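For reference, work.cif (mmCIF, C-alpha atoms):
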```
data_entry
#
loop_
_atom_site.label_atom_id
_atom_site.label_comp_id
_atom_site.auth_asym_id
_atom_site.auth_seq_id
_atom_site.Cartn_x
_atom_site.Cartn_y
_atom_site.Cartn_z
CA MET Q 1 -27.68 -27.24 -4.29
CA ILE Q 2 -27.44 -28.99 -0.93
CA ALA Q 3 -30.48 -30.44 0.87
CA ILE Q 4 -30.35 -31.04 4.62
CA ILE Q 5 -33.06 -33.10 6.35
CA GLN Q 6 -33.74 -32.66 10.07
CA PRO Q 7 -36.63 -33.57 12.40
CA PHE Q 8 -37.00 -29.82 13.09
CA ILE Q 9 -34.74 -26.83 13.72
CA PRO Q 10 -34.69 -25.82 17.40
CA HIS Q 11 -33.60 -22.28 18.26
CA TYR Q 12 -30.23 -23.45 19.57
CA ARG Q 13 -29.33 -24.71 16.08
CA ASP Q 14 -30.25 -21.49 14.23
CA GLU Q 15 -26.75 -20.08 14.07
CA PHE Q 16 -25.30 -23.28 12.58
CA PHE Q 17 -27.74 -23.40 9.68
CA LYS Q 18 -27.57 -19.64 9.11
CA GLY Q 19 -23.82 -20.03 8.77
CA LEU Q 20 -24.24 -22.72 6.11
CA VAL Q 21 -26.91 -20.80 4.19
CA SER Q 22 -24.75 -17.66 4.13
CA GLU Q 23 -21.91 -19.53 2.40
CA LEU Q 24 -23.57 -22.24 0.31
CA PRO Q 25 -26.81 -22.90 -1.63
CA VAL Q 26 -28.64 -24.87 1.09
CA GLU Q 27 -32.29 -25.90 1.42
CA ILE Q 28 -33.46 -27.21 4.78
CA PHE Q 29 -36.24 -29.79 4.96
CA THR Q 30 -37.97 -30.75 8.21
CA LEU Q 31 -40.22 -33.61 9.26
CA VAL Q 32 -41.98 -31.84 12.15
CA ASN Q 33 -44.12 -28.90 11.16
CA ASN Q 34 -42.68 -25.66 12.58
CA THR Q 35 -46.00 -24.89 14.31
CA LYS Q 36 -45.65 -28.04 16.43
CA VAL Q 37 -42.13 -27.38 17.68
CA GLU Q 38 -43.18 -25.40 20.77
CA SER Q 39 -45.47 -28.22 21.90
CA ARG Q 40 -42.31 -30.33 22.22
CA GLY Q 41 -40.75 -27.86 24.64
CA TYR Q 42 -38.54 -26.01 22.13
CA LYS Q 43 -38.48 -22.44 20.93
CA LYS Q 44 -39.21 -22.16 17.19
CA SER Q 45 -36.45 -21.40 14.72
CA ARG Q 46 -36.72 -18.35 12.46
CA LEU Q 47 -35.12 -20.13 9.51
CA ASN Q 48 -37.00 -20.75 6.29
CA THR Q 49 -37.56 -24.48 5.98
CA LYS Q 50 -39.60 -26.79 3.77
CA HIS Q 51 -41.81 -29.42 5.37
CA LEU Q 52 -41.71 -33.01 4.10
CA LYS Q 53 -44.94 -34.94 4.58
CA ASN Q 54 -44.30 -38.07 6.61
CA PHE Q 55 -45.93 -40.81 8.64
CA SER Q 56 -45.01 -43.79 10.82
CA ILE Q 57 -45.93 -47.45 10.80
CA GLY Q 58 -44.89 -48.71 14.21
CA PRO Q 59 -41.18 -47.86 14.59
CA ILE Q 60 -40.72 -47.34 10.82
CA HIS Q 61 -40.76 -43.75 9.57
CA ILE Q 62 -41.54 -42.82 5.98
CA TYR Q 63 -41.14 -39.33 4.53
CA ASN Q 64 -41.75 -37.90 1.07
CA PHE Q 65 -38.27 -37.93 -0.47
CA PHE Q 66 -39.29 -36.89 -4.00
CA PRO Q 67 -38.45 -33.17 -3.45
CA LEU Q 68 -34.88 -34.32 -2.69
CA LEU Q 69 -34.53 -35.85 -6.15
CA SER Q 70 -34.67 -32.50 -7.91
CA LYS Q 71 -31.93 -32.10 -10.52
CA LYS Q 72 -30.72 -28.92 -8.83
CA ILE Q 73 -29.89 -30.90 -5.65
CA ASN Q 74 -26.58 -32.77 -5.89
CA THR Q 75 -25.81 -33.35 -2.19
CA ILE Q 76 -28.17 -34.61 0.50
CA VAL Q 77 -27.48 -34.64 4.25
CA LEU Q 78 -29.66 -37.37 5.76
CA MET Q 79 -30.20 -38.49 9.35
CA GLY Q 80 -28.40 -41.69 10.30
CA SER Q 81 -31.50 -43.48 11.59
CA VAL Q 82 -32.10 -47.08 10.50
CA LYS Q 83 -35.81 -46.58 11.20
CA HIS Q 84 -36.17 -44.15 8.29
CA LEU Q 85 -37.34 -46.34 5.41
CA SER Q 86 -37.12 -43.43 2.97
CA THR Q 87 -33.42 -43.01 3.74
CA TRP Q 88 -32.84 -46.67 2.87
CA ILE Q 89 -34.67 -46.22 -0.44
CA ILE Q 90 -32.48 -43.23 -1.33
CA LEU Q 91 -29.30 -45.14 -0.44
CA ILE Q 92 -30.31 -48.31 -2.31
CA LEU Q 93 -31.42 -46.48 -5.47
CA ASN Q 94 -28.68 -43.89 -5.45
CA PHE Q 95 -26.99 -45.60 -8.41
CA ALA Q 96 -29.87 -44.00 -10.36
CA PHE Q 97 -30.28 -40.77 -8.36
CA LYS Q 98 -26.52 -40.06 -8.40
CA LYS Q 99 -26.51 -37.84 -5.32
CA LYS Q 100 -23.64 -37.30 -2.91
CA ILE Q 101 -24.96 -38.49 0.46
CA ILE Q 102 -23.78 -37.45 3.92
CA LEU Q 103 -25.20 -39.27 6.93
CA TRP Q 104 -25.41 -37.10 10.04
CA GLY Q 105 -25.35 -39.29 13.13
CA HIS Q 106 -26.99 -37.45 16.03
CA GLY Q 107 -25.30 -39.55 18.70
CA ILE Q 108 -24.90 -43.09 19.95
CA SER Q 109 -27.93 -44.17 21.98
CA ASN Q 110 -27.66 -42.87 25.56
CA GLU Q 111 -29.16 -46.04 27.02
CA LYS Q 112 -27.03 -48.40 24.95
CA TYR Q 113 -23.82 -46.37 24.86
CA SER Q 114 -21.63 -48.90 26.68
CA LYS Q 115 -22.68 -51.67 24.29
CA GLU Q 116 -22.85 -49.69 21.04
CA SER Q 117 -19.53 -47.92 21.60
CA LEU Q 118 -17.94 -51.38 21.35
CA LYS Q 119 -20.10 -52.79 18.58
CA GLN Q 120 -22.62 -51.03 16.40
CA PRO Q 121 -25.61 -52.98 15.02
CA TRP Q 122 -24.82 -54.45 11.59
CA LEU Q 123 -27.77 -52.67 9.96
CA ARG Q 124 -26.52 -49.26 11.06
CA LYS Q 125 -23.00 -50.07 9.87
CA LEU Q 126 -24.41 -51.08 6.50
CA MET Q 127 -26.20 -47.74 6.24
CA TYR Q 128 -22.99 -45.79 6.85
CA LYS Q 129 -21.07 -47.94 4.38
CA MET Q 130 -23.60 -47.01 1.68
CA ALA Q 131 -23.13 -43.25 2.20
CA ASN Q 132 -20.34 -41.11 0.72
CA TYR Q 133 -19.45 -39.34 3.93
CA SER Q 134 -20.46 -39.03 7.61
CA TRP Q 135 -20.87 -36.29 10.16
CA PHE Q 136 -20.57 -37.03 13.89
CA TYR Q 137 -20.88 -34.80 16.92
CA THR Q 138 -17.68 -35.68 18.79
CA GLU Q 139 -14.16 -36.89 18.03
CA ASN Q 140 -14.82 -39.84 20.30
CA GLU Q 141 -17.78 -40.96 18.17
CA LEU Q 142 -15.78 -40.57 14.97
CA LYS Q 143 -13.04 -42.82 16.39
CA ILE Q 144 -15.62 -45.42 17.47
CA TRP Q 145 -17.07 -45.58 13.98
CA GLN Q 146 -13.71 -45.63 12.20
CA ASN Q 147 -12.60 -48.51 14.43
CA GLN Q 148 -15.64 -50.46 13.28
CA ILE Q 149 -15.56 -49.30 9.65
CA PRO Q 150 -11.86 -48.64 8.89
CA ASN Q 151 -12.49 -47.02 5.49
CA LEU Q 152 -15.23 -44.72 6.75
CA ARG Q 153 -14.84 -41.11 5.60
CA GLY Q 154 -16.15 -38.61 8.08
CA THR Q 155 -15.55 -35.66 10.37
CA ALA Q 156 -16.50 -34.62 13.90
CA LEU Q 157 -18.31 -31.28 13.85
CA ASN Q 158 -18.30 -30.98 17.67
CA ASN Q 159 -21.82 -30.36 18.89
CA THR Q 160 -22.51 -26.85 20.12
CA ILE Q 161 -25.28 -24.23 20.32
CA SER Q 162 -26.22 -20.79 19.00
CA ASP Q 163 -24.61 -17.75 20.69
CA ILE Q 164 -21.94 -19.95 22.24
CA ASP Q 165 -19.12 -17.77 20.90
CA LYS Q 166 -20.63 -14.74 22.68
CA ILE Q 167 -20.58 -16.68 25.95
CA ILE Q 168 -17.02 -17.94 25.46
CA SER Q 169 -15.75 -14.40 24.77
CA LYS Q 170 -17.26 -13.03 27.99
CA PRO Q 171 -14.75 -12.59 30.85
CA PHE Q 172 -15.41 -14.14 34.23
CA PRO Q 173 -17.62 -11.86 36.35
CA ASP Q 174 -15.74 -10.12 39.16
CA SER Q 175 -17.00 -10.13 42.74
CA THR Q 176 -18.82 -6.79 42.33
CA VAL Q 177 -20.77 -7.95 39.28
CA LYS Q 178 -21.57 -11.24 40.92
CA LYS Q 179 -22.82 -9.51 44.06
CA SER Q 180 -25.11 -7.19 42.10
CA PHE Q 181 -26.67 -10.11 40.19
CA LYS Q 182 -27.18 -12.05 43.42
CA GLU Q 183 -29.00 -9.09 44.91
CA LYS Q 184 -31.08 -8.68 41.73
CA TYR Q 185 -32.24 -12.32 41.75
CA LYS Q 186 -32.35 -12.65 45.58
CA ILE Q 187 -29.70 -15.36 45.78
CA LYS Q 188 -28.53 -15.56 49.37
CA THR Q 189 -26.17 -18.55 49.40
CA GLY Q 190 -22.41 -18.05 49.03
CA ILE Q 191 -21.63 -20.93 46.64
CA ASN Q 192 -24.16 -21.70 43.92
CA LEU Q 193 -24.71 -24.50 41.44
CA ILE Q 194 -26.97 -24.17 38.40
CA ILE Q 195 -28.96 -26.56 36.20
CA CYS Q 196 -30.63 -25.68 32.89
CA VAL Q 197 -32.74 -28.52 31.38
CA ARG Q 198 -36.17 -29.65 30.25
CA PHE Q 199 -37.53 -31.88 33.03
CA SER Q 200 -39.09 -34.35 30.63
CA ASN Q 201 -36.93 -37.46 30.88
CA PRO Q 202 -36.73 -39.74 33.94
CA ASN Q 203 -33.16 -40.68 33.00
CA ARG Q 204 -32.04 -37.19 34.04
CA LYS Q 205 -32.56 -38.36 37.63
CA ALA Q 206 -33.84 -34.92 38.63
CA GLU Q 207 -34.99 -36.27 42.00
CA LEU Q 208 -31.31 -36.47 42.99
CA LEU Q 209 -31.03 -32.67 42.84
CA VAL Q 210 -32.99 -32.33 46.06
CA GLU Q 211 -31.00 -35.13 47.70
CA LEU Q 212 -27.67 -33.53 46.83
CA MET Q 213 -28.75 -30.08 48.02
CA GLN Q 214 -29.86 -31.59 51.34
CA ILE Q 215 -26.47 -33.31 51.79
CA LEU Q 216 -24.56 -30.06 51.17
CA ASP Q 217 -24.59 -27.35 53.85
CA THR Q 218 -27.84 -25.47 53.13
CA ASN Q 219 -26.40 -22.25 54.57
CA ILE Q 220 -23.49 -22.26 52.12
CA TYR Q 221 -24.66 -24.00 48.91
CA GLY Q 222 -27.56 -23.03 46.69
CA LEU Q 223 -29.02 -24.35 43.42
CA ILE Q 224 -30.33 -22.12 40.61
CA VAL Q 225 -32.89 -23.98 38.48
CA ILE Q 226 -33.73 -23.01 34.88
CA GLY Q 227 -36.30 -25.18 33.13
CA ASP Q 228 -39.74 -26.72 33.32
CA GLY Q 229 -41.37 -30.02 32.46
CA PRO Q 230 -43.71 -32.74 33.70
CA LEU Q 231 -40.99 -34.47 35.74
CA LYS Q 232 -39.74 -31.40 37.53
CA PRO Q 233 -39.35 -32.01 41.29
CA ASP Q 234 -41.28 -29.86 43.75
CA PHE Q 235 -38.74 -27.30 44.95
CA ASN Q 236 -41.24 -25.28 47.00
CA GLY Q 237 -40.14 -24.64 50.55
CA ILE Q 238 -36.49 -25.59 49.98
CA LYS Q 239 -34.68 -22.43 50.99
CA ASN Q 240 -31.42 -23.07 49.10
CA ILE Q 241 -33.08 -23.88 45.73
CA TYR Q 242 -33.99 -20.91 43.51
CA ASP Q 243 -36.45 -21.91 40.79
CA PHE Q 244 -36.78 -19.57 37.77
CA GLY Q 245 -38.71 -21.86 35.42
CA ALA Q 246 -38.10 -21.89 31.65
CA ILE Q 247 -36.01 -18.94 30.41
CA TYR Q 248 -35.19 -18.17 26.76
CA ASP Q 249 -33.97 -14.60 27.27
CA PHE Q 250 -30.21 -14.66 26.57
CA SER Q 251 -29.34 -11.79 28.93
CA VAL Q 252 -31.30 -13.22 31.88
CA LYS Q 253 -29.74 -16.67 31.44
CA SER Q 254 -26.28 -15.11 31.20
CA GLU Q 255 -26.79 -13.23 34.45
CA LEU Q 256 -27.93 -16.36 36.29
CA PHE Q 257 -24.97 -18.33 34.90
CA SER Q 258 -22.70 -15.47 36.05
CA ILE Q 259 -23.91 -16.00 39.62
CA ALA Q 260 -23.18 -19.74 39.48
CA ASP Q 261 -19.92 -21.38 40.49
CA LEU Q 262 -20.59 -24.92 39.21
CA TYR Q 263 -22.99 -26.64 36.81
CA LEU Q 264 -24.98 -29.59 38.20
CA GLN Q 265 -26.87 -32.29 36.32
CA PRO Q 266 -26.93 -35.81 37.76
CA ALA Q 267 -27.38 -37.67 34.45
CA TRP Q 268 -28.44 -37.55 30.78
CA ASN Q 269 -26.08 -34.65 30.10
CA GLY Q 270 -26.27 -33.26 26.59
CA LEU Q 271 -26.01 -29.79 25.05
CA SER Q 272 -26.75 -28.16 28.41
CA ILE Q 273 -23.19 -28.85 29.53
CA VAL Q 274 -21.85 -27.05 26.44
CA GLU Q 275 -23.40 -23.82 27.71
CA ALA Q 276 -21.93 -24.47 31.16
CA LEU Q 277 -18.44 -25.10 29.79
CA ALA Q 278 -18.62 -21.90 27.73
CA HIS Q 279 -19.37 -19.96 30.92
CA GLY Q 280 -16.34 -21.60 32.53
CA LEU Q 281 -18.40 -23.64 34.98
CA PRO Q 282 -17.00 -27.09 35.83
CA VAL Q 283 -19.71 -29.74 35.39
CA CYS Q 284 -20.81 -31.87 38.35
CA THR Q 285 -22.40 -35.15 37.33
CA LEU Q 286 -22.48 -38.90 37.93
CA LYS Q 287 -20.11 -41.22 36.12
CA ARG Q 288 -21.56 -42.95 33.09
CA SER Q 289 -22.64 -46.52 33.82
CA ASP Q 290 -25.29 -49.06 32.85
CA HIS Q 291 -27.60 -47.31 35.31
CA THR Q 292 -26.53 -43.72 34.70
CA HIS Q 293 -26.95 -42.73 31.07
CA GLN Q 294 -25.15 -39.77 29.54
CA GLY Q 295 -25.23 -38.12 26.12
CA VAL Q 296 -22.30 -38.05 23.71
CA GLU Q 297 -21.37 -34.61 25.11
CA TYR Q 298 -20.29 -36.39 28.29
CA ASN Q 299 -17.10 -37.15 26.34
CA TYR Q 300 -16.20 -33.47 26.60
CA LEU Q 301 -15.73 -33.95 30.35
CA THR Q 302 -12.47 -34.83 32.08
CA GLU Q 303 -12.39 -35.07 35.86
CA GLY Q 304 -10.13 -32.44 37.38
CA LEU Q 305 -9.93 -30.50 34.11
CA ASN Q 306 -13.51 -29.35 33.58
CA ALA Q 307 -15.64 -31.74 35.65
CA ILE Q 308 -16.32 -33.22 39.07
CA LEU Q 309 -17.58 -36.80 38.70
CA GLY Q 310 -19.05 -39.09 41.33
CA LYS Q 311 -20.08 -42.75 41.26
CA ASN Q 312 -23.15 -41.82 43.35
CA ILE Q 313 -24.79 -38.66 44.64
CA LYS Q 314 -23.13 -38.86 48.08
CA GLU Q 315 -19.66 -39.09 46.57
CA LEU Q 316 -20.47 -36.21 44.21
CA ALA Q 317 -21.62 -34.04 47.11
CA GLN Q 318 -18.46 -34.89 49.05
CA LYS Q 319 -16.20 -33.95 46.13
CA ILE Q 320 -18.06 -30.65 45.67
CA SER Q 321 -17.68 -29.74 49.35
CA GLU Q 322 -13.99 -30.68 49.43
CA ILE Q 323 -12.78 -28.80 46.34
CA ASP Q 324 -9.87 -26.46 47.08
CA ILE Q 325 -10.23 -22.80 45.98
CA LYS Q 326 -6.95 -22.84 44.03
CA GLU Q 327 -7.92 -26.08 42.33
CA TYR Q 328 -11.33 -24.58 41.54
CA GLU Q 329 -9.88 -21.43 39.94
CA LYS Q 330 -7.57 -23.59 37.84
CA MET Q 331 -10.53 -25.71 36.72
CA ARG Q 332 -12.55 -22.64 35.75
CA LYS Q 333 -9.78 -21.43 33.45
CA SER Q 334 -9.22 -24.84 31.88
CA THR Q 335 -12.99 -25.24 31.41
CA LYS Q 336 -13.23 -21.92 29.55
CA ASN Q 337 -10.18 -22.78 27.43
CA PHE Q 338 -11.65 -26.17 26.53
CA ALA Q 339 -14.83 -24.51 25.30
CA LYS Q 340 -12.84 -21.93 23.33
CA ASN Q 341 -10.69 -24.57 21.63
CA ASN Q 342 -13.38 -27.21 20.99
CA LEU Q 343 -16.91 -25.86 21.15
CA SER Q 344 -16.91 -22.72 19.04
CA MET Q 345 -19.87 -22.45 16.64
CA LYS Q 346 -17.49 -20.88 14.13
CA ASN Q 347 -15.46 -24.10 14.07
CA MET Q 348 -18.58 -26.27 13.72
CA ILE Q 349 -19.78 -24.23 10.75
CA GLU Q 350 -16.36 -24.20 9.09
CA LYS Q 351 -15.98 -27.99 9.38
CA ALA Q 352 -19.40 -28.56 7.81
CA ILE Q 353 -18.75 -26.06 4.99
CA LEU Q 354 -15.37 -27.61 4.21
CA THR Q 355 -16.99 -31.02 3.86
CA LEU Q 356 -19.81 -29.71 1.67
CA LYS Q 357 -17.42 -27.81 -0.61
CA GLU Q 358 -15.33 -30.93 -1.08
#
```
Entire entry expressed as structure tokens:
Amino acid sequence: MIAIIQPFIPHYRDEFFKGLVSELPVEIFTLVNNTKVESRGYKKSRLNTKHLKNFSIGPIHIYNFFPLLSKKINTIVLMGSVKHLSTWIILILNFAFKKKIILWGHGISNEKYSKESLKQPWLRKLMYKMANYSWFYTENELKIWQNQIPNLRGTALNNTISDIDKIISKPFPDSTVKKSFKEKYKIKTGINLIICVRFSNPNRKAELLVELMQILDTNIYGLIVIGDGPLKPDFNGIKNIYDFGAIYDFSVKSELFSIADLYLQPAWNGLSIVEALAHGLPVCTLKRSDHTHQGVEYNYLTEGLNAILGKNIKELAQKISEIDIKEYEKMRKSTKNFAKNNLSMKNMIEKAILTLKE
């Protein structure tokens, strides 16, 4: 039996865990009660999970790990957080528990990426040295860790989302389909960007969306907005911004993405760009820096291949307005191919299963 511990299971991770459960004896344990997931801005998962009682003392988190010590459980997938005291106890006493332990690192800190990609804190390195195996989201992260711990055994699952394979398999919408969707959703601009996020983090620099759309020709360029949150800018009265709020309906989101020509998110890019790449939309964002933080998924982006990157919002707007149609069509194809070759949920599931079977 395999036990996997997660904070909670958001809807976009359903397909991954269903894939594991269908092939292997897996029990999923969560720290956040499923009834509280929606209050965090996520749609609840339909998976059967078991809740572990837990509490915090300052930054230190303690959860009830005794259910994980059951004799029927021989492998435990734990979160690679040094703040989880219970994880340290399991690792330190594992000579007695005799479990196979996989640490699943959910990404190098966005704020400290430049520093931590060169040198990880010694405490975190110690934690990974004590485990049997490691999971990482991207190949880039795996290389970073193996450079710092040469004997580290691990694999890169490649972080992706539920239903991604459906999106990847969809052909590009032709002009007729695009026109009908634009009429349906009352989109009047010829070239349209789209953003799909929770407006809950100031590091996303959402205020720059309005600035960029004011720099671009308002008669030509439009922005489709999917998402809500306390830090959402006021888009009222801006004629080239179309605000649809939070949408969880797969077909509606697909239609809005079919209208779009480019994906736009100034900073703090994460799983949202995976959906964009699957639709074949090149990603427009700011270059990672000490002031512009990006998630590990930023490493999926290559300028000219599947992304348009700017050092500031003015440069980004200029690059968007200057892109050649032939260059754009080439980028769309390469973007779709990148998603097909690297971001398939099938591949993510297969990599995890292979590890667990070994």
Check which residues satisfy the PyMOL selection byres ((chain Q and resi 196-200) around 8) in the file shown, then give them as a CSV table (one decimal) with C-alpha atoms, in the frame of the given file.
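For reference, part-v3.csv as written:
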```csv
chain,number,residue,atom,x,y,z
Q,41,GLY,CA,-40.8,-27.9,24.6
Q,194,ILE,CA,-27.0,-24.2,38.4
Q,195,ILE,CA,-29.0,-26.6,36.2
Q,201,ASN,CA,-36.9,-37.5,30.9
Q,202,PRO,CA,-36.7,-39.7,33.9
Q,204,ARG,CA,-32.0,-37.2,34.0
Q,206,ALA,CA,-33.8,-34.9,38.6
Q,225,VAL,CA,-32.9,-24.0,38.5
Q,226,ILE,CA,-33.7,-23.0,34.9
Q,227,GLY,CA,-36.3,-25.2,33.1
Q,228,ASP,CA,-39.7,-26.7,33.3
Q,229,GLY,CA,-41.4,-30.0,32.5
Q,230,PRO,CA,-43.7,-32.7,33.7
Q,231,LEU,CA,-41.0,-34.5,35.7
Q,232,LYS,CA,-39.7,-31.4,37.5
Q,272,SER,CA,-26.8,-28.2,28.4
```
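Applied to this file, the PyMOL selection byres ((chain Q and resi 332) around 9) selects Q:Asp261, Q:Leu277, Q:His279, Q:Gly280, Q:Leu281, Q:Pro282, Q:Leu305, Q:Asn306, Q:Glu327, Q:Tyr328, Q:Glu329, Q:Lys330, Q:Met331, Q:Lys333, Q:Ser334, Q:Thr335, Q:Lys336, Q:Asn337.
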Surrounding residues of Glu23 in chain Q excluding itself and chain neighbours under 3 positions, 12 Å, all atoms listed in the file, as a compact mmCIF listing (two decimals) with C-alpha atoms, keeping the file's coordinate frame:
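Output file result.txt follows:
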```txt
# COMPACT_ATOMS: atom_id res chain seq x y z
CA MET Q 1 -27.68 -27.24 -4.29
CA ILE Q 2 -27.44 -28.99 -0.93
CA PHE Q 16 -25.30 -23.28 12.58
CA PHE Q 17 -27.74 -23.40 9.68
CA LYS Q 18 -27.57 -19.64 9.11
CA GLY Q 19 -23.82 -20.03 8.77
CA LEU Q 20 -24.24 -22.72 6.11
CA VAL Q 26 -28.64 -24.87 1.09
CA ILE Q 349 -19.78 -24.23 10.75
CA GLU Q 350 -16.36 -24.20 9.09
CA ALA Q 352 -19.40 -28.56 7.81
CA ILE Q 353 -18.75 -26.06 4.99
CA LEU Q 354 -15.37 -27.61 4.21
CA LEU Q 356 -19.81 -29.71 1.67
CA LYS Q 357 -17.42 -27.81 -0.61
```
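We find CA of Val21 in chain Q and CA of Asp163 in chain Q to be spaced 16.9 Å apart.
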Expanded to explicit residues, what is the PyMOL selection byres ((chain Q and resi 164) around 7) for this file, as a list in words?
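Output of the PyMOL selection byres ((chain Q and resi 164) around 7): Ile161, Ser162, Asp163, Asp165, Lys166, Ile167, Ile168, Glu275, Ala278, Ser344 and Met345 of chain Q.
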Interatomic distance between CA of Leu69 in chain Q and CA of Gly107 in chain Q?
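Separating CA of Leu69 in chain Q from CA of Gly107 in chain Q is a distance of 26.8 Å.
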Fewer than 4 positions away in the same chain doesn't count, so skip those; otherwise give me all residues within 10 Å of Gln120 in chain Q, counting only C-alpha atoms, as a PyMOL selection string.
chain Q and resi 108+112-113+115-116+124-125+144-145+148-149
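The spacing separating CA of Tyr221 in chain Q from CA of Cys284 in chain Q amounts to 13.7 Å.
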Using only C-alpha atoms, find the one residue out of Q:Phe97, Q:Ala131, Q:Gln146, Q:Arg153 that sits nearest to Leu118 in chain Q.
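The shortest atom-to-atom distance to Leu118 in chain Q comes from Q:Gln146.
Closest approach to His84 in chain Q among Q:Ile5, Q:His51, Q:Phe181, Q:Phe136: Q:Ile5, based on all atoms listed in the file.
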Quick one: everything within 6 Å of range 291-300 of chain Q, counting all atoms listed in the file, minus sequence neighbours fewer than 2 positions away in the same chain. Send it as number ranges by chain.
Q: 110-111, 267-270, 288-289
Pick out the closest residue to Leu193 in chain Q from this set: Q:Thr285, Q:Asn159, Q:Phe250, Q:Ser169. Count only C-alpha atoms.
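When distances to Leu193 in chain Q are compared using only C-alpha atoms, the smallest one comes from Q:Thr285.
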Which one of Q:Thr75, Q:Gln214, Q:Asn140, Q:Ser45 sits closest to Leu157 in chain Q if you count all atoms listed in the file?
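Among Q:Thr75, Q:Gln214, Q:Asn140, Q:Ser45, it is Q:Asn140 that comes nearest to Leu157 in chain Q.
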From the block I gave, I'd like range 52-106 of chain Q written with C-alpha atoms, as an mmCIF file, in the first residue's frame.
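Contents of the output file selection.cif:
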```cif
data_model
loop_
_atom_site.group_PDB
_atom_site.id
_atom_site.type_symbol
_atom_site.label_atom_id
_atom_site.label_comp_id
_atom_site.auth_asym_id
_atom_site.auth_seq_id
_atom_site.Cartn_x
_atom_site.Cartn_y
_atom_site.Cartn_z
ATOM 1 C CA LEU Q 52 -4.978 13.926 9.046
ATOM 2 C CA LYS Q 53 -5.514 16.080 12.122
ATOM 3 C CA ASN Q 54 -2.877 18.798 12.279
ATOM 4 C CA PHE Q 55 -1.952 22.102 13.870
ATOM 5 C CA SER Q 56 0.720 24.804 13.673
ATOM 6 C CA ILE Q 57 3.020 26.416 16.201
ATOM 7 C CA GLY Q 58 4.299 29.527 14.468
ATOM 8 C CA PRO Q 59 5.869 28.365 11.180
ATOM 9 C CA ILE Q 60 6.142 24.734 12.377
ATOM 10 C CA HIS Q 61 3.443 22.340 11.185
ATOM 11 C CA ILE Q 62 2.597 19.105 12.983
ATOM 12 C CA TYR Q 63 0.263 16.433 11.619
ATOM 13 C CA ASN Q 64 -0.872 13.085 12.987
ATOM 14 C CA PHE Q 65 1.450 10.638 11.221
ATOM 15 C CA PHE Q 66 0.376 7.495 13.109
ATOM 16 C CA PRO Q 67 -2.072 6.344 10.366
ATOM 17 C CA LEU Q 68 0.939 6.289 8.008
ATOM 18 C CA LEU Q 69 2.711 3.713 10.172
ATOM 19 C CA SER Q 70 0.177 0.999 9.417
ATOM 20 C CA LYS Q 71 1.822 -2.304 8.484
ATOM 21 C CA LYS Q 72 -0.090 -2.380 5.204
ATOM 22 C CA ILE Q 73 1.640 0.859 4.091
ATOM 23 C CA ASN Q 74 5.166 0.277 2.761
ATOM 24 C CA THR Q 75 5.715 3.480 0.743
ATOM 25 C CA ILE Q 76 4.964 7.045 1.802
ATOM 26 C CA VAL Q 77 5.033 10.108 -0.460
ATOM 27 C CA LEU Q 78 5.667 13.129 1.770
ATOM 28 C CA MET Q 79 5.845 16.846 1.024
ATOM 29 C CA GLY Q 80 9.356 18.276 0.892
ATOM 30 C CA SER Q 81 8.713 21.043 3.420
ATOM 31 C CA VAL Q 82 11.275 21.600 6.184
ATOM 32 C CA LYS Q 83 8.526 23.218 8.274
ATOM 33 C CA HIS Q 84 6.704 19.895 8.685
ATOM 34 C CA LEU Q 85 7.996 18.557 12.008
ATOM 35 C CA SER Q 86 6.101 15.293 11.537
ATOM 36 C CA THR Q 87 7.972 14.624 8.294
ATOM 37 C CA TRP Q 88 11.279 15.022 10.137
ATOM 38 C CA ILE Q 89 10.145 12.546 12.797
ATOM 39 C CA ILE Q 90 9.244 9.972 10.132
ATOM 40 C CA LEU Q 91 12.599 10.437 8.383
ATOM 41 C CA ILE Q 92 14.653 10.286 11.596
ATOM 42 C CA LEU Q 93 12.865 7.209 12.977
ATOM 43 C CA ASN Q 94 12.519 5.406 9.688
ATOM 44 C CA PHE Q 95 15.196 2.898 10.738
ATOM 45 C CA ALA Q 96 12.373 1.529 12.929
ATOM 46 C CA PHE Q 97 9.394 2.225 10.649
ATOM 47 C CA LYS Q 98 11.153 0.734 7.594
ATOM 48 C CA LYS Q 99 9.106 2.611 5.002
ATOM 49 C CA LYS Q 100 10.207 3.596 1.515
ATOM 50 C CA ILE Q 101 9.980 7.398 1.471
ATOM 51 C CA ILE Q 102 9.542 9.664 -1.548
ATOM 52 C CA LEU Q 103 9.779 13.424 -1.037
ATOM 53 C CA TRP Q 104 7.638 15.407 -3.457
ATOM 54 C CA GLY Q 105 9.064 18.896 -3.866
ATOM 55 C CA HIS Q 106 6.321 21.275 -4.989
#
```
